[in-house]
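Content type mmCIF, C-alpha atoms and all ligand atoms, from the file work_18.cif:
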data_work
#
loop_
_atom_site.label_atom_id
_atom_site.label_comp_id
_atom_site.auth_asym_id
_atom_site.auth_seq_id
_atom_site.Cartn_x
_atom_site.Cartn_y
_atom_site.Cartn_z
CA MET A 127 0.00 0.00 0.00
CA ASN A 128 1.27 3.50 -0.77
CA VAL A 129 0.90 6.39 1.68
CA ASP A 130 -2.42 7.63 0.25
CA GLU A 131 -3.84 4.11 0.46
CA LEU A 132 -2.73 3.72 4.07
CA PHE A 133 -4.53 6.91 5.13
CA MET A 134 -7.60 5.96 3.06
CA LYS A 135 -7.67 2.58 4.80
CA LYS A 136 -7.79 4.48 8.10
CA CYS A 137 -10.83 6.47 6.82
CA ILE A 138 -12.59 3.21 5.93
CA ASP A 139 -11.79 1.65 9.32
CA ILE A 140 -13.15 4.55 11.35
CA SER A 141 -16.21 5.00 9.13
CA LEU A 142 -17.36 1.50 10.15
CA ASN A 143 -18.16 2.85 13.63
CA GLY A 144 -21.27 4.33 12.02
CA MET A 145 -22.55 1.00 10.65
CA GLY A 146 -26.26 0.49 11.30
CA MET A 147 -26.63 4.11 12.53
CA VAL A 148 -26.20 6.39 9.52
CA SER A 149 -28.63 5.07 6.89
CA PRO A 150 -29.93 6.57 4.60
CA ASN A 151 -26.59 8.41 4.73
CA PRO A 152 -23.36 6.62 3.79
CA MET A 153 -20.59 5.55 6.18
CA VAL A 154 -17.84 8.15 6.02
CA GLY A 155 -14.50 8.47 7.81
CA CYS A 156 -12.01 11.30 7.46
CA VAL A 157 -8.42 11.89 8.58
CA ILE A 158 -6.32 15.05 8.43
CA VAL A 159 -2.62 14.48 7.76
CA HIS A 160 0.13 17.01 8.52
CA GLU A 161 3.78 16.18 7.83
CA ASN A 162 2.88 12.53 7.34
CA LYS A 163 1.12 12.25 10.72
CA ILE A 164 -2.61 11.99 11.44
CA VAL A 165 -3.48 15.16 13.39
CA GLY A 166 -7.28 14.88 13.24
CA LYS A 167 -9.95 12.31 12.55
CA GLY A 168 -13.70 11.90 12.59
CA TYR A 169 -16.57 9.83 11.25
CA HIS A 170 -20.29 10.24 10.57
CA LYS A 171 -21.86 8.85 13.74
CA PHE A 172 -25.61 8.79 13.10
CA TYR A 173 -28.17 10.10 10.61
CA GLY A 174 -28.49 13.88 11.07
CA ASP A 175 -25.10 14.16 12.84
CA LEU A 176 -22.20 16.34 11.64
CA HIS A 177 -20.39 14.92 8.62
CA ALA A 178 -17.03 13.15 9.00
CA GLU A 179 -15.03 16.02 7.44
CA ARG A 180 -16.38 18.46 10.02
CA HIS A 181 -15.65 16.14 12.96
CA ALA A 182 -12.11 15.62 11.64
CA ILE A 183 -11.41 19.34 11.10
CA ASP A 184 -12.92 20.20 14.51
CA SER A 185 -10.65 17.64 16.16
CA VAL A 186 -7.49 19.47 15.05
CA SER A 187 -6.53 21.72 17.96
CA ASN A 188 -4.08 23.99 16.12
CA LYS A 189 -6.16 25.16 13.13
CA ASP A 190 -3.12 26.97 11.63
CA ILE A 191 -1.60 23.70 10.46
CA LEU A 192 -4.67 22.98 8.30
CA LYS A 193 -3.21 25.31 5.64
CA ASN A 194 -0.43 22.74 5.16
CA SER A 195 -2.44 19.56 5.63
CA THR A 196 -4.19 16.98 3.46
CA LEU A 197 -7.73 15.83 4.12
CA TYR A 198 -8.49 12.16 3.34
CA VAL A 199 -12.09 11.02 3.02
CA ASN A 200 -13.62 7.81 1.61
CA LEU A 201 -16.52 9.61 -0.17
CA GLU A 202 -16.65 12.83 -2.17
CA PRO A 203 -17.43 15.78 0.17
CA CYS A 204 -20.92 17.26 -0.23
CA SER A 205 -21.46 20.74 -1.64
CA HIS A 206 -25.17 21.22 -0.89
CA HIS A 207 -27.24 22.13 2.16
CA GLY A 208 -28.90 19.02 3.61
CA LYS A 209 -29.32 18.29 7.32
CA GLN A 210 -25.81 19.79 7.58
CA PRO A 211 -24.09 22.65 5.71
CA PRO A 212 -21.76 21.77 2.78
CA CYS A 213 -18.47 20.11 3.76
CA THR A 214 -16.76 21.86 0.85
CA ASP A 215 -17.44 25.22 2.62
CA TYR A 216 -15.74 23.94 5.78
CA ILE A 217 -12.71 22.71 3.80
CA LYS A 218 -12.49 26.11 2.04
CA LYS A 219 -12.91 28.02 5.31
CA TYR A 220 -9.70 26.47 6.71
CA ASP A 221 -7.71 26.75 3.45
CA ILE A 222 -6.96 23.02 3.31
CA PRO A 223 -4.91 22.79 0.09
CA LYS A 224 -5.30 19.10 -0.77
CA VAL A 225 -8.12 16.56 -0.60
CA VAL A 226 -7.77 12.82 -1.29
CA ILE A 227 -11.05 11.04 -2.09
CA GLY A 228 -11.92 7.32 -2.19
CA CYS A 229 -14.93 7.39 -4.51
CA ASN A 230 -17.51 9.72 -6.02
CA ASP A 231 -20.83 10.26 -4.24
CA PRO A 232 -23.67 9.08 -6.56
CA HIS A 233 -26.34 11.07 -4.64
CA LYS A 234 -28.02 13.28 -7.25
CA LEU A 235 -27.24 16.44 -5.25
CA VAL A 236 -23.51 15.66 -5.07
CA CYS A 237 -22.47 13.52 -8.08
CA GLY A 238 -19.23 15.35 -8.96
CA ASN A 239 -20.41 18.78 -7.70
CA GLY A 240 -18.33 18.44 -4.51
CA ILE A 241 -15.16 17.74 -6.48
CA ASN A 242 -15.89 20.57 -8.95
CA GLU A 243 -16.46 23.03 -6.11
CA LEU A 244 -13.07 22.14 -4.57
CA LEU A 245 -11.27 22.33 -7.93
CA LYS A 246 -12.87 25.75 -8.61
CA ASN A 247 -11.22 26.93 -5.39
CA ASN A 248 -7.78 25.66 -6.43
CA ILE A 249 -7.83 22.77 -3.99
CA SER A 250 -5.79 19.89 -5.33
CA ILE A 251 -7.69 16.60 -5.66
CA THR A 252 -6.56 12.99 -5.83
CA LYS A 253 -9.47 10.62 -6.39
CA ASN A 254 -10.27 6.90 -6.65
CA VAL A 255 -7.82 5.88 -3.91
CA LEU A 256 -8.82 2.34 -2.79
CA LEU A 257 -11.81 2.82 -5.11
CA ASN A 258 -13.17 -0.75 -4.86
CA SER A 259 -12.88 -0.90 -1.08
CA CYS A 260 -14.60 2.49 -0.75
CA ARG A 261 -17.46 1.43 -3.05
CA SER A 262 -17.78 -1.90 -1.27
CA LEU A 263 -17.97 -0.11 2.10
CA ASN A 264 -21.00 1.91 0.92
CA ARG A 265 -22.46 -0.73 -1.40
CA ARG A 266 -25.96 -0.26 0.06
CA PHE A 267 -25.94 3.54 -0.46
CA ILE A 268 -24.31 3.23 -3.91
CA THR A 269 -26.75 0.53 -5.16
CA PHE A 270 -29.68 2.60 -3.87
CA HIS A 271 -28.59 5.72 -5.77
CA GLU A 272 -27.15 4.10 -8.91
CA SER A 273 -29.63 1.24 -9.43
CA LYS A 274 -32.66 2.93 -7.77
CA ARG A 275 -33.36 -0.09 -5.58
CA PRO A 276 -32.20 -1.41 -2.19
CA TYR A 277 -29.10 -3.58 -1.87
CA ILE A 278 -30.35 -7.19 -1.65
CA ILE A 279 -28.81 -9.83 0.63
CA LEU A 280 -30.18 -13.39 0.48
CA LYS A 281 -29.74 -15.47 3.62
CA PHE A 282 -30.64 -19.09 4.25
CA ALA A 283 -29.49 -22.23 6.04
CA LYS A 284 -29.20 -25.49 4.17
CA SER A 285 -28.97 -29.01 5.63
CA ALA A 286 -26.12 -31.38 4.71
CA ASP A 287 -28.55 -33.15 2.35
CA GLY A 288 -29.71 -29.92 0.64
CA TYR A 289 -32.99 -28.93 2.38
CA ILE A 290 -34.08 -25.71 4.11
CA ALA A 291 -36.84 -27.25 6.23
CA PRO A 292 -38.62 -30.59 6.79
CA LEU A 293 -41.57 -31.26 4.47
CA ASN A 294 -44.18 -31.76 7.15
CA GLN A 295 -43.21 -29.06 9.58
CA ASN A 296 -45.68 -28.37 12.40
CA LYS A 297 -43.46 -26.27 14.67
CA PRO A 298 -40.63 -23.71 14.17
CA PHE A 299 -37.50 -25.49 12.95
CA TRP A 300 -33.82 -24.56 13.50
CA MET A 301 -30.72 -26.26 12.14
CA THR A 302 -28.03 -23.68 12.99
CA SER A 303 -25.86 -23.07 16.07
CA LYS A 304 -26.28 -20.30 18.65
CA LYS A 305 -23.27 -18.53 17.12
CA ALA A 306 -24.95 -18.53 13.69
CA LYS A 307 -28.18 -17.15 15.20
CA ASP A 308 -26.24 -14.37 16.97
CA THR A 309 -24.54 -13.54 13.67
CA VAL A 310 -27.92 -13.30 11.93
CA HIS A 311 -29.16 -10.89 14.61
CA LYS A 312 -26.08 -8.71 14.03
CA TRP A 313 -26.79 -8.78 10.27
CA ARG A 314 -30.40 -7.74 10.90
CA SER A 315 -29.20 -4.72 12.89
CA GLN A 316 -27.06 -3.65 9.89
CA GLU A 317 -29.87 -3.57 7.31
CA ASP A 318 -32.86 -1.26 6.81
CA ALA A 319 -35.33 -4.08 6.17
CA ILE A 320 -35.88 -7.83 6.37
CA LEU A 321 -38.23 -9.71 4.03
CA VAL A 322 -40.00 -13.10 4.18
CA GLY A 323 -42.74 -14.93 2.31
CA ARG A 324 -46.17 -15.89 3.66
CA LYS A 325 -45.37 -19.55 4.32
CA THR A 326 -42.29 -18.76 6.44
CA VAL A 327 -44.52 -16.68 8.73
CA GLU A 328 -47.09 -19.48 8.91
CA LYS A 329 -44.52 -22.23 9.59
CA ASP A 330 -41.95 -20.43 11.77
CA ASN A 331 -43.83 -17.45 13.26
CA PRO A 332 -40.55 -15.43 13.29
CA GLN A 333 -40.23 -12.09 15.14
CA LEU A 334 -37.59 -10.80 12.69
CA THR A 335 -36.23 -8.40 15.32
CA VAL A 336 -32.76 -7.84 16.81
CA ARG A 337 -32.61 -9.58 20.19
CA ASN A 338 -29.24 -11.31 20.53
CA CYS A 339 -27.21 -8.13 20.21
CA LYS A 340 -27.62 -4.36 20.51
CA GLY A 341 -29.00 -2.54 17.48
CA LYS A 342 -32.11 -1.19 15.82
CA ASN A 343 -34.84 -3.46 14.47
CA PRO A 344 -35.09 -3.48 10.67
CA ILE A 345 -38.45 -2.78 9.01
CA ARG A 346 -40.16 -6.17 8.54
CA ILE A 347 -41.59 -6.99 5.13
CA LEU A 348 -44.06 -9.75 4.31
CA ILE A 349 -45.30 -10.83 0.87
CA ASP A 350 -48.89 -11.96 1.40
CA ARG A 351 -50.84 -11.47 -1.83
CA ASN A 352 -54.33 -12.29 -0.52
CA LEU A 353 -53.75 -11.31 3.14
CA LYS A 354 -54.10 -14.90 4.31
CA THR A 355 -51.82 -14.70 7.39
CA ASN A 356 -53.38 -14.56 10.85
CA LYS A 357 -52.81 -11.21 12.64
CA LYS A 358 -51.74 -13.16 15.73
CA PHE A 359 -48.38 -14.00 14.12
CA LEU A 360 -45.50 -12.16 15.81
CA ILE A 361 -44.59 -10.27 12.63
CA TYR A 362 -47.70 -8.12 13.23
CA ASN A 363 -46.72 -7.05 16.79
CA ASP A 364 -45.56 -3.50 17.44
CA ASP A 365 -41.89 -4.33 18.13
CA ALA A 366 -41.07 -2.94 14.68
CA ILE A 367 -42.77 -1.50 11.61
CA THR A 368 -44.11 -4.16 9.23
CA ILE A 369 -44.90 -3.61 5.56
CA ILE A 370 -47.30 -6.14 4.03
CA PHE A 371 -47.24 -6.27 0.22
CA ASN A 372 -50.59 -7.50 -1.04
CA GLU A 373 -53.10 -6.96 -3.86
CA ILE A 374 -56.12 -6.05 -1.73
CA LYS A 375 -55.53 -2.78 0.15
CA SER A 376 -53.25 0.12 1.07
CA GLU A 377 -53.81 1.08 4.68
CA ILE A 378 -51.84 1.88 7.84
CA ILE A 379 -52.98 0.15 11.03
CA GLY A 380 -50.69 0.96 13.98
CA THR A 381 -47.19 -0.27 13.07
CA ASN A 382 -48.52 -2.31 10.13
CA GLN A 383 -48.41 -0.70 6.71
CA TYR A 384 -50.34 -2.53 3.99
CA ILE A 385 -49.15 -1.66 0.49
CA LYS A 386 -51.21 -2.75 -2.50
CA ILE A 387 -49.11 -3.71 -5.52
CA ASN A 388 -49.58 -5.29 -8.92
CA PHE A 389 -48.40 -8.93 -8.72
CA LYS A 390 -47.57 -9.09 -12.45
CA ASN A 391 -43.98 -7.94 -11.82
CA THR A 392 -43.89 -8.52 -8.07
CA GLU A 393 -40.20 -8.20 -7.23
CA LYS A 394 -39.73 -5.02 -9.31
CA GLU A 395 -42.89 -3.48 -7.78
CA ILE A 396 -41.68 -4.31 -4.27
CA LEU A 397 -38.20 -2.88 -4.90
CA ASN A 398 -39.68 0.31 -6.38
CA LYS A 399 -41.87 0.79 -3.30
CA LEU A 400 -38.91 0.16 -0.99
CA HIS A 401 -36.86 2.71 -2.94
CA GLU A 402 -39.72 5.25 -2.60
CA ASN A 403 -39.67 4.57 1.16
CA ASN A 404 -35.91 5.31 1.35
CA ILE A 405 -35.05 1.70 2.27
CA GLN A 406 -31.43 1.15 1.17
CA SER A 407 -30.96 -2.51 2.01
CA VAL A 408 -33.03 -5.63 2.50
CA LEU A 409 -32.09 -8.97 4.01
CA ILE A 410 -34.24 -11.72 2.47
CA GLU A 411 -34.57 -14.50 5.04
CA GLY A 412 -36.76 -16.92 3.12
CA GLY A 413 -38.27 -19.25 2.40
CA ARG A 414 -37.35 -21.12 -0.75
CA ASP A 415 -40.10 -19.73 -2.99
CA THR A 416 -39.41 -16.12 -2.01
CA ILE A 417 -35.64 -16.39 -2.42
CA ASN A 418 -35.98 -18.21 -5.76
CA HIS A 419 -38.17 -15.41 -7.18
CA PHE A 420 -35.33 -12.94 -6.57
CA ILE A 421 -32.63 -15.35 -7.85
CA ASN A 422 -34.61 -16.06 -11.04
CA LYS A 423 -34.85 -12.34 -11.80
CA ASN A 424 -31.15 -11.91 -10.94
CA LEU A 425 -32.20 -9.38 -8.31
CA TRP A 426 -29.66 -9.99 -5.59
CA ASP A 427 -26.27 -8.60 -4.59
CA GLU A 428 -25.01 -10.93 -1.85
CA ALA A 429 -25.95 -14.38 -0.59
CA ARG A 430 -25.00 -15.74 2.82
CA VAL A 431 -25.55 -19.47 3.07
CA PHE A 432 -25.11 -21.52 6.23
CA ASN A 433 -24.27 -25.11 5.28
CA SER A 434 -25.35 -27.12 8.32
CA ASN A 435 -23.92 -30.48 9.46
CA HIS A 436 -27.44 -31.76 10.15
CA GLN A 437 -29.46 -33.99 7.82
CA ILE A 438 -33.22 -33.53 7.22
CA HIS A 439 -33.79 -36.57 4.90
CA ASP A 440 -37.02 -35.32 3.34
CA GLY A 441 -37.77 -31.65 3.04
CA ILE A 442 -38.12 -28.43 1.04
CA LYS A 443 -35.21 -28.21 -1.39
CA SER A 444 -32.80 -25.36 -0.75
CA PRO A 445 -32.34 -22.51 -3.26
CA GLU A 446 -29.08 -22.86 -5.21
CA ILE A 447 -26.43 -20.19 -5.57
CA PHE A 448 -24.03 -21.12 -8.36
CA GLY A 449 -20.40 -20.06 -8.55
CA LYS A 450 -17.55 -19.89 -6.08
CA PRO A 451 -18.07 -18.27 -2.68
CA LYS A 452 -16.08 -15.08 -2.12
CA GLU A 453 -15.59 -15.92 1.56
CA ILE A 454 -15.89 -19.04 3.70
CA GLU A 455 -16.14 -19.04 7.49
CA GLN A 456 -16.24 -22.04 9.83
CA PHE A 457 -18.98 -22.03 12.52
CA PRO A 458 -19.47 -24.65 15.29
CA GLU A 459 -22.11 -26.71 13.41
CA GLU A 460 -22.00 -25.16 9.96
CA VAL A 461 -19.92 -23.45 7.30
CA LEU A 462 -20.89 -19.96 6.17
CA GLU A 463 -20.41 -19.23 2.47
CA LYS A 464 -20.71 -15.66 1.17
CA PHE A 465 -21.37 -15.03 -2.52
CA THR A 466 -21.52 -11.73 -4.41
CA ASN A 467 -23.41 -10.90 -7.59
CA ASN A 468 -22.83 -7.34 -8.68
CA ALA A 469 -20.47 -5.12 -10.54
CA ILE A 470 -20.33 -2.12 -8.24
CA TYR A 471 -16.95 -2.99 -6.73
N1 LIG B 501 -33.52 -22.78 6.32
C1 LIG B 501 -33.79 -21.49 6.20
O1 LIG B 501 -32.88 -20.66 6.17
C2 LIG B 501 -35.20 -21.03 6.13
C3 LIG B 501 -35.48 -19.66 6.16
C4 LIG B 501 -36.80 -19.27 6.04
C5 LIG B 501 -37.80 -20.21 5.90
N2 LIG B 501 -37.49 -21.52 5.91
C6 LIG B 501 -38.52 -22.54 5.74
O2 LIG B 501 -39.04 -22.37 4.44
C7 LIG B 501 -40.37 -22.84 4.42
C8 LIG B 501 -41.20 -21.86 3.66
O3 LIG B 501 -40.68 -21.71 2.35
P1 LIG B 501 -41.63 -21.74 1.09
O4 LIG B 501 -40.81 -21.72 -0.12
O5 LIG B 501 -42.58 -22.87 1.27
O6 LIG B 501 -42.49 -20.42 1.25
P2 LIG B 501 -42.12 -18.87 1.46
O7 LIG B 501 -41.10 -18.47 0.50
O8 LIG B 501 -41.90 -18.58 2.90
O9 LIG B 501 -43.53 -18.20 1.11
C9 LIG B 501 -44.00 -18.34 -0.18
C10 LIG B 501 -45.26 -17.56 -0.35
O10 LIG B 501 -45.00 -16.15 -0.17
C11 LIG B 501 -45.63 -15.41 -1.21
N3 LIG B 501 -44.58 -14.93 -2.09
C12 LIG B 501 -43.27 -14.92 -1.82
N4 LIG B 501 -42.57 -14.35 -2.82
C13 LIG B 501 -43.46 -14.00 -3.75
C14 LIG B 501 -43.34 -13.38 -5.00
N5 LIG B 501 -42.18 -12.95 -5.47
N6 LIG B 501 -44.43 -13.19 -5.72
C15 LIG B 501 -45.61 -13.59 -5.24
N7 LIG B 501 -45.79 -14.17 -4.04
C16 LIG B 501 -44.72 -14.37 -3.30
C17 LIG B 501 -46.57 -16.40 -1.88
O11 LIG B 501 -47.74 -16.36 -1.10
P3 LIG B 501 -49.20 -16.74 -1.70
O12 LIG B 501 -49.17 -18.21 -1.90
O13 LIG B 501 -50.13 -16.30 -0.65
O14 LIG B 501 -49.34 -15.98 -2.98
C18 LIG B 501 -45.83 -17.69 -1.73
O15 LIG B 501 -46.64 -18.83 -1.83
C19 LIG B 501 -40.78 -23.02 5.86
O16 LIG B 501 -40.84 -24.39 6.15
C20 LIG B 501 -39.69 -22.37 6.66
O17 LIG B 501 -39.45 -23.03 7.88
C21 LIG B 501 -36.22 -21.97 6.01
#

For the file at hand, write its structure as structure tokens.
Ligand SMILES: NC(=O)c1ccc[n+]([C@@H]2O[C@H](COP(=O)([O-])OP(=O)(O)OC[C@H]3O[C@@H](n4cnc5c(N)ncnc54)[C@H](OP(=O)(O)O)[C@@H]3O)[C@@H](O)[C@H]2O)c1
Amino acid sequence: MNVDELFMKKCIDISLNGMGMVSPNPMVGCVIVHENKIVGKGYHKFYGDLHAERHAIDSVSNKDILKNSTLYVNLEPCSHHGKQPPCTDYIKKYDIPKVVIGCNDPHKLVCGNGINELLKNNISITKNVLLNSCRSLNRRFITFHESKRPYIILKFAKSADGYIAPLNQNKPFWMTSKKAKDTVHKWRSQEDAILVGRKTVEKDNPQLTVRNCKGKNPIRILIDRNLKTNKKFLIYNDDAITIIFNEIKSEIIGTNQYIKINFKNTEKEILNKLHENNIQSVLIEGGRDTINHFINKNLWDEARVFNSNHQIHDGIKSPEIFGKPKEIEQFPEEVLEKFTNNAIY
């Protein structure tokens, strides 16, 4: 790694402190470097909070040295008034002569305007440093703005003989270890929404909330075309907001939001509605039918598959993800395989 890459890596590392807190904003970290030493740093902590650049500049006690410093940031600084004033104004105010940027911000109000504003003010720019890592870091935000849909993560557990559940299931069924369950709860806390099909609710009665770790509950989403599910299922409780996609009614009842859609192009309709509702990421937790609809339309970005040691013998066949996993992790009773399916990084 060269020097610019080392400081950019630091920006990425500190930005991750904002994971699960900043959406619909991106994760951003910033460091200020003077004479090859980091003299200030900051990250975007939660939605509505000061931006990373401002935190980093504010953290430098001797503001005089800013005139001879370089600001590193993983995402193009903003140049418009949102919940916070433009970062480019703050950079200009302190005469910072050089800015190193990881990747462009695809938000329609930024989209190159931040870089142009800095260049207009004779600030030197180096861009695309650790480009792929910076895009991967904000893959939810980038997919949302570039593809106009949420980032889609498929998640399921598969038995050693290739099933996701027994055929005649009359009570909730688990085949993964406590460590895998805890991991899934952490994943839920990192996404804006979690989606399941009608039969998963009827068979498993899942709560779809974050309970095994700290973190916010995602919005729960159920596909129930004819509103067949009983309102006593836990997905309808008020622990979190639930969106029910159906073809009968649009209505809000307490924390339950019914959204009527056309089931001719179901997945596209659902993703459009989620985009309209500012939902940047969705974890699809099953079952087979639901996951296969998204696979068949090639509407997914990541798949996380737990391959369990347990056998089921006769059950519902697991969805198939073809290709080589990008990552493999050993768990006590299963192996986690992570696949990717997109071209954004
Ligand atoms: N091992 C795991 O990781 C895991 C995870 C979750 C669930 N499961 C198991 O999976 C089983 C359920 O899976 P499943 O395949 O039978 O059912 P499912 O995917 O849970 O639900 C399917 C139903 O949801 C609706 N639906 C889902 N996607 C749709 C789409 N794109 N367009 C239209 N309707 C859509 C349809 O309801 P309508 O018929 O009303 O139209 C469909 O029949 C359960 O036994 C559960 O325990 C296992």

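Across A:Asn403, A:Ser185, A:Ser303, A:Ser285, the tightest approach to ligand LIG 501 (chain B) is made by A:Ser285 when counting only C-alpha atoms and all ligand atoms.
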
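Nearest residue to A:Cys229 among A:Arg265, A:Arg414, A:Lys340, A:Arg275 is A:Arg265, counting only C-alpha atoms.
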
*Residues within 8 Å of ligand LIG 501 (chain B) (all atoms listed in the file), as a VMD selection string?*
chain A and resid 281 to 285 289 to 293 295 298 to 301 322 to 330 348 to 354 389 392 to 393 411 to 417 419 to 420 432 442 444

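Atom pair atom CA of A:Leu235 / atom CA of A:Ser141: separated by 21.4 Å.
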
*Can you tell me, as a list of chain:residue names, what residues are no more than 6 Å from A:His170 when counting all atoms listed in the file, ignoring any on the same chain fewer than 6 positions away?*
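Contacts, in chain order: A:Val154, A:His177, A:Ala178.
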
*What gap, in Å, lies between atom CA of A:Leu425 and atom CA of A:Ala366?*
25.5 Å

*Check the smallest atom-to-atom distance from each of A:Ile164, A:Val255, A:Val408, A:Met134 to A:Ser195 using all atoms listed in the file, then report the winner.*
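The answer is A:Ile164, which sits nearest to A:Ser195.
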
*What does the distance between atom CA of A:Ile367 and atom CA of A:Gly380 come to in Å, to one decimal place?*
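These atoms are spaced 8.6 Å apart.
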